[in-house]
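To be precise, the following lines are upload_27.json, and they hold JSON, C-alpha atoms.
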[["chain", "number", "residue", "atom", "x", "y", "z"],
["A", 1, "PHE", "CA", -21.54, -17.46, -12.01],
["A", 2, "PHE", "CA", -18.08, -17.42, -13.60],
["A", 3, "ASP", "CA", -18.78, -17.69, -17.30],
["A", 4, "THR", "CA", -15.66, -18.49, -19.32],
["A", 5, "THR", "CA", -17.34, -19.03, -22.67],
["A", 6, "TYR", "CA", -16.06, -15.69, -23.96],
["A", 7, "VAL", "CA", -12.38, -15.78, -24.85],
["A", 8, "ASP", "CA", -10.12, -13.32, -26.62],
["A", 9, "SER", "CA", -7.59, -14.09, -29.35],
["A", 10, "SER", "CA", -4.95, -15.24, -26.83],
["A", 11, "GLY", "CA", -7.28, -17.77, -25.24],
["A", 12, "CYS", "CA", -7.89, -15.83, -22.01],
["A", 13, "SER", "CA", -11.44, -15.49, -20.78],
["A", 14, "VAL", "CA", -13.16, -12.12, -21.14],
["A", 15, "TYR", "CA", -15.36, -10.79, -18.35],
["A", 16, "THR", "CA", -19.10, -10.45, -18.67],
["A", 17, "ASP", "CA", -21.05, -7.52, -17.16],
["A", 18, "SER", "CA", -21.94, -9.49, -14.03],
["A", 19, "GLU", "CA", -18.30, -10.43, -13.52],
["A", 20, "TYR", "CA", -17.26, -6.78, -13.73],
["A", 21, "LEU", "CA", -19.81, -5.97, -11.03],
["A", 22, "PHE", "CA", -18.40, -8.74, -8.84],
["A", 23, "LEU", "CA", -14.88, -7.41, -9.43],
["A", 24, "ALA", "CA", -16.02, -3.91, -8.42],
["A", 25, "ALA", "CA", -17.51, -5.32, -5.21],
["A", 26, "MET", "CA", -14.29, -7.19, -4.45],
["A", 27, "SER", "CA", -12.33, -3.97, -5.04],
["A", 28, "LEU", "CA", -14.36, -2.23, -2.32],
["A", 29, "ALA", "CA", -13.16, -4.85, 0.17],
["A", 30, "GLN", "CA", -9.48, -4.17, -0.54],
["A", 31, "GLN", "CA", -9.19, -0.89, 1.31],
["A", 32, "PRO", "CA", -10.53, -1.80, 4.77],
["A", 33, "PHE", "CA", -8.66, -5.12, 4.89],
["A", 34, "GLY", "CA", -5.45, -3.54, 3.59],
["A", 35, "ARG", "CA", -5.65, -0.62, 6.02],
["A", 36, "LEU", "CA", -6.33, -2.87, 9.03],
["A", 37, "ALA", "CA", -3.59, -5.34, 8.05],
["A", 38, "GLY", "CA", -1.14, -2.49, 7.39],
["A", 39, "SER", "CA", -1.81, -0.92, 10.79],
["A", 40, "TYR", "CA", -1.50, -4.25, 12.58],
["A", 41, "PHE", "CA", 1.71, -5.28, 10.82],
["A", 42, "ALA", "CA", 3.24, -1.81, 11.26],
["A", 43, "GLU", "CA", 2.76, -2.07, 15.03],
["A", 44, "THR", "CA", 3.91, -5.68, 15.34],
["A", 45, "LEU", "CA", 6.65, -6.02, 12.70],
["A", 46, "GLY", "CA", 7.73, -2.43, 12.22],
["A", 47, "ARG", "CA", 7.19, 0.13, 9.47],
["A", 48, "ARG", "CA", 9.97, -0.83, 7.09],
["A", 49, "LYS", "CA", 9.32, -4.59, 7.20],
["A", 50, "THR", "CA", 5.60, -4.03, 6.62],
["A", 51, "PHE", "CA", 6.33, -1.81, 3.62],
["A", 52, "VAL", "CA", 8.56, -4.49, 2.12],
["A", 53, "ILE", "CA", 5.91, -7.17, 2.74],
["A", 54, "GLY", "CA", 3.22, -5.04, 1.07],
["A", 55, "ALA", "CA", 5.35, -4.12, -1.93],
["A", 56, "PHE", "CA", 6.66, -7.64, -2.43],
["A", 57, "GLY", "CA", 3.20, -9.16, -1.96],
["A", 58, "SER", "CA", 1.67, -6.86, -4.56],
["A", 59, "ALA", "CA", 4.47, -7.70, -7.00],
["A", 60, "VAL", "CA", 3.88, -11.44, -6.51],
["A", 61, "PHE", "CA", 0.13, -11.19, -7.02],
["A", 62, "ILE", "CA", 0.48, -8.84, -10.01],
["A", 63, "ILE", "CA", 2.99, -11.07, -11.80],
["A", 64, "THR", "CA", 0.43, -13.87, -11.85],
["A", 65, "LEU", "CA", -1.84, -11.62, -13.93],
["A", 66, "ALA", "CA", 0.58, -11.94, -16.84],
["A", 67, "PHE", "CA", -0.62, -15.52, -17.26],
["A", 68, "CYS", "CA", -4.10, -16.60, -18.34],
["A", 69, "THR", "CA", -5.99, -17.99, -15.39],
["A", 70, "SER", "CA", -9.62, -18.68, -14.62],
["A", 71, "SER", "CA", -11.89, -15.78, -13.73],
["A", 72, "TYR", "CA", -11.94, -16.86, -10.10],
["A", 73, "LEU", "CA", -8.13, -16.85, -9.82],
["A", 74, "THR", "CA", -7.97, -13.46, -11.48],
["A", 75, "TYR", "CA", -10.40, -12.08, -8.87],
["A", 76, "VAL", "CA", -8.25, -13.49, -6.08],
["A", 77, "GLU", "CA", -5.04, -12.14, -7.65],
["A", 78, "LEU", "CA", -6.48, -8.65, -8.13],
["A", 79, "THR", "CA", -8.01, -8.55, -4.65],
["A", 80, "MET", "CA", -4.85, -9.72, -2.90],
["A", 81, "ALA", "CA", -2.70, -7.32, -4.94],
["A", 82, "GLY", "CA", -5.03, -4.48, -3.91],
["A", 83, "VAL", "CA", -4.85, -5.50, -0.25],
["A", 84, "CYS", "CA", -1.03, -5.51, -0.42],
["A", 85, "ILE", "CA", -1.03, -2.10, -2.09],
["A", 86, "TYR", "CA", -3.21, -0.70, 0.69],
["A", 87, "ILE", "CA", -0.90, -2.31, 3.27],
["A", 88, "TYR", "CA", 2.11, -0.33, 2.14],
["A", 89, "ASN", "CA", 0.03, 2.77, 1.53],
["A", 90, "GLN", "CA", -1.16, 2.61, 5.14],
["A", 91, "VAL", "CA", 2.43, 2.24, 6.35],
["A", 92, "LEU", "CA", 3.38, 5.40, 4.48],
["A", 93, "TRP", "CA", 0.54, 7.26, 6.21],
["A", 94, "ILE", "CA", 1.98, 6.12, 9.53],
["A", 95, "TYR", "CA", 5.70, 6.42, 8.74],
["A", 96, "ILE", "CA", 5.86, 9.80, 6.97],
["A", 97, "PRO", "CA", 4.44, 11.83, 9.91],
["A", 98, "GLU", "CA", 6.64, 9.97, 12.38],
["A", 99, "ILE", "CA", 9.96, 10.88, 10.79],
["A", 100, "TYR", "CA", 9.29, 14.64, 10.54],
["A", 101, "PRO", "CA", 8.90, 17.19, 13.35],
["A", 102, "SER", "CA", 5.44, 18.65, 13.87],
["A", 103, "TYR", "CA", 6.17, 21.95, 12.10],
["A", 104, "MET", "CA", 6.68, 20.15, 8.80],
["A", 105, "ARG", "CA", 4.46, 17.06, 9.18],
["A", 106, "GLY", "CA", 1.63, 18.57, 7.19],
["A", 107, "THR", "CA", 3.96, 19.56, 4.38],
["A", 108, "ALA", "CA", 5.54, 16.09, 4.31],
["A", 109, "VAL", "CA", 2.15, 14.38, 4.10],
["A", 110, "GLY", "CA", 1.09, 16.86, 1.40],
["A", 111, "VAL", "CA", 4.22, 16.13, -0.65],
["A", 112, "HIS", "CA", 3.57, 12.41, -0.18],
["A", 113, "ASN", "CA", 0.02, 12.87, -1.50],
["A", 114, "GLY", "CA", 1.22, 15.00, -4.40],
["A", 115, "ILE", "CA", 3.82, 12.48, -5.46],
["A", 116, "GLY", "CA", 1.18, 9.75, -5.21],
["A", 117, "LYS", "CA", -1.16, 11.70, -7.50],
["A", 118, "VAL", "CA", 1.62, 12.29, -10.04],
["A", 119, "GLY", "CA", 2.51, 8.59, -9.86],
["A", 120, "ALA", "CA", -1.13, 7.58, -10.39],
["A", 121, "ALA", "CA", -1.43, 9.87, -13.41],
["A", 122, "ALA", "CA", 1.87, 8.65, -14.85],
["A", 123, "GLY", "CA", 0.87, 5.04, -14.18],
["A", 124, "THR", "CA", -2.43, 5.50, -15.98],
["A", 125, "PHE", "CA", -0.71, 7.09, -18.97],
["A", 126, "LEU", "CA", 2.06, 4.49, -19.04],
["A", 127, "THR", "CA", -0.39, 1.58, -18.72],
["A", 128, "THR", "CA", -2.51, 2.90, -21.57],
["A", 129, "TYR", "CA", 0.57, 3.45, -23.72],
["A", 130, "LEU", "CA", 2.11, 0.04, -22.98],
["A", 131, "ASP", "CA", -1.19, -1.82, -23.43],
["A", 132, "GLU", "CA", -1.09, -0.89, -27.12],
["A", 133, "TYR", "CA", 1.91, -3.20, -27.44],
["A", 134, "GLU", "CA", 1.14, -5.91, -24.90],
["A", 135, "VAL", "CA", -0.61, -6.01, -21.53],
["A", 136, "SER", "CA", 2.25, -7.79, -19.82],
["A", 137, "TYR", "CA", 4.57, -4.77, -20.35],
["A", 138, "SER", "CA", 2.55, -2.64, -17.96],
["A", 139, "ILE", "CA", 2.44, -5.51, -15.47],
["A", 140, "TYR", "CA", 6.23, -5.88, -15.60],
["A", 141, "CYS", "CA", 6.66, -2.12, -15.17],
["A", 142, "PHE", "CA", 4.53, -2.17, -11.99],
["A", 143, "ILE", "CA", 6.46, -5.16, -10.67],
["A", 144, "ALA", "CA", 9.78, -3.38, -11.29],
["A", 145, "VAL", "CA", 8.64, -0.30, -9.35],
["A", 146, "SER", "CA", 7.40, -2.46, -6.46],
["A", 147, "LEU", "CA", 10.63, -4.41, -6.26],
["A", 148, "ILE", "CA", 12.70, -1.21, -6.36],
["A", 149, "GLY", "CA", 10.67, -0.04, -3.36],
["A", 150, "CYS", "CA", 11.43, -3.35, -1.61],
["A", 151, "PHE", "CA", 15.15, -2.81, -2.02],
["A", 152, "ILE", "CA", 15.17, 0.89, -1.10],
["A", 153, "MET", "CA", 12.98, 0.77, 2.02],
["A", 154, "PRO", "CA", 15.42, -1.08, 4.32],
["A", 155, "PHE", "CA", 17.90, 1.78, 3.79],
["A", 156, "MET", "CA", 15.41, 4.55, 4.59],
["A", 157, "LYS", "CA", 15.36, 6.53, 7.81],
["A", 158, "LYS", "CA", 15.28, 4.76, 11.17],
["A", 159, "GLU", "CA", 12.58, 2.37, 12.33],
["A", 160, "THR", "CA", 9.98, 4.27, 14.38],
["A", 161, "ARG", "CA", 7.93, 1.44, 15.88],
["A", 162, "GLY", "CA", 7.50, 1.97, 19.62],
["A", 163, "LEU", "CA", 9.23, 5.34, 19.63],
["A", 164, "PRO", "CA", 7.55, 8.60, 20.68],
["A", 165, "LEU", "CA", 7.33, 11.42, 18.16],
["A", 166, "GLN", "CA", 10.43, 13.63, 18.10],
["A", 167, "ASP", "CA", 8.76, 16.82, 19.33],
["A", 168, "THR", "CA", 6.93, 15.05, 22.17],
["A", 169, "ARG", "CA", 10.17, 13.43, 23.36],
["A", 170, "ASP", "CA", 11.95, 16.79, 23.50],
["A", 171, "ASN", "CA", 9.17, 18.63, 25.33],
["A", 172, "GLU", "CA", 8.88, 17.70, 29.02],
["A", 173, "ASN", "CA", 5.39, 19.18, 29.32],
["A", 174, "THR", "CA", 3.93, 16.86, 26.72],
["A", 175, "PRO", "CA", 2.73, 13.39, 27.75],
["A", 176, "ILE", "CA", 4.51, 10.46, 26.16],
["A", 177, "ARG", "CA", 2.24, 7.44, 25.73],
["A", 178, "GLY", "CA", 1.82, 5.88, 29.20],
["A", 179, "ASP", "CA", 2.33, 9.18, 31.08],
["A", 180, "PHE", "CA", -1.03, 10.58, 30.00],
["A", 181, "GLN", "CA", -2.83, 9.73, 33.26],
["A", 182, "SER", "CA", -0.18, 11.43, 35.39],
["A", 183, "TYR", "CA", -0.35, 14.42, 33.06],
["A", 184, "LEU", "CA", -4.12, 14.66, 33.62],
["A", 185, "SER", "CA", -3.75, 14.36, 37.42],
["A", 186, "HIS", "CA", -0.85, 16.74, 37.92],
["A", 187, "GLY", "CA", -1.04, 19.01, 34.88],
["A", 188, "PRO", "CA", 2.00, 20.43, 33.11],
["A", 189, "GLN", "CA", 5.06, 20.75, 35.34]]
Represent the structure contained in this file as structure tokens.
Amino acid sequence: FFDTTYVDSSGCSVYTDSEYLFLAAMSLAQQPFGRLAGSYFAETLGRRKTFVIGAFGSAVFIITLAFCTSSYLTYVELTMAGVCIYIYNQVLWIYIPEIYPSYMRGTAVGVHNGIGKVGAAAGTFLTTYLDEYEVSYSIYCFIAVSLIGCFIMPFMKKETRGLPLQDTRDNENTPIRGDFQSYLSHGPQ
């Protein structure tokens, strides 16, 4: 299935049409596995540690793309990098709403989405621009951004694993996790 008879001028194998289809199918698997792993790790290890693991993991798997490998290894590298990217993306979807009060949660998530869209557009432009010189430049740029995120995240706002949301903690009439059954039986006090 993995045909490596086509090579470019640097000696790396070039994908055939069937290999691109296989790569597209593998890309579809990245999101559910990354989202589930991100949710699990965020609840067991904490939000900040999971973000660092996802960012560092994606940097490690992306750096291997700078070297010529077999088609199979390239599929594994791309798939694992995508899973790691979805891991830290899932943590941001959990962490951002937890650090803001309810009146600004929607705005915070919207700003997070907007910055992500700007970053995706800038990344696409930068990758296209840098690929004219050499493919490894865009890979090194992505690795640098991921590693900067690894170093910044431990200094971000407090860890929120296991804590109730701020507005539910301050409001006595709102159930906090395990108190939901008593809230249903007795109603608001």
Record the distance separating CA of Met153 in chain A and CA of Lys49 in chain A, expressed in Å with one decimal.
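Rounded to one decimal, the two atoms are 8.3 Å apart.
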Tell me, as number ranges by chain, which residues lie within 8 Å of Phe41 in chain A, counting all atoms listed in the file; anything in the same chain fewer than 5 positions away does not count.
A: 46-47, 50
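Compared by their closest atoms to Ile94 in chain A, and using only C-alpha atoms, the residues A:Glu43, A:Phe33, A:Lys158, A:Leu21 rank with A:Glu43 nearest.
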With all atoms listed in the file as the atoms that count, which of A:Leu92, A:Ala108, A:Ile139, A:Ile148 lies nearest to Arg48 in chain A?
A:Leu92
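You will find CA of Arg161 in chain A at 9.3 Å from CA of Glu98 in chain A.
With CA of Leu78 in chain A on one side and CA of Thr44 in chain A on the other, the separation reads 25.8 Å.
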Distance query Ile87 in chain A at most 10 Å, all atoms listed in the file, self and fewer than 3 positions along chain excluded, as a list in words:
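Answer for this query is Gln30, Gln31, Pro32, Phe33, Gly34, Arg35, Leu36, Ala37, Gly38, Ser39, Tyr40, Phe41, Ala42, Thr50, Phe51, Val52, Ile53, Gly54, Ala55, Gly57, Ser58, Ala81, Gly82, Val83, Cys84, Gln90, Val91 and Leu92 of chain A.
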Which residue is closest to Gly162 in chain A? Choose from A:Tyr137, A:Tyr86, A:Tyr95, A:Tyr100 and count all atoms listed in the file.
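Counting all atoms listed in the file, the residue closest to Gly162 in chain A is A:Tyr95.
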Closest of A:Thr64, A:Leu147, A:Arg105, A:Thr74 to Glu19 in chain A - atom-to-atom distances counting only C-alpha atoms
A:Thr74
Counting only C-alpha atoms, the option among A:Ala144, A:Cys150, A:Ile62, A:Ala24 closest to Tyr88 in chain A:
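Of all the options, A:Cys150 lies closest to Tyr88 in chain A.
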Tell me which of A:Tyr75, A:Val111, A:Ser138, A:Phe22 sits closest to Phe125 in chain A, counting all atoms listed in the file.
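Answer, going by the shortest atom-to-atom distance: A:Ser138.
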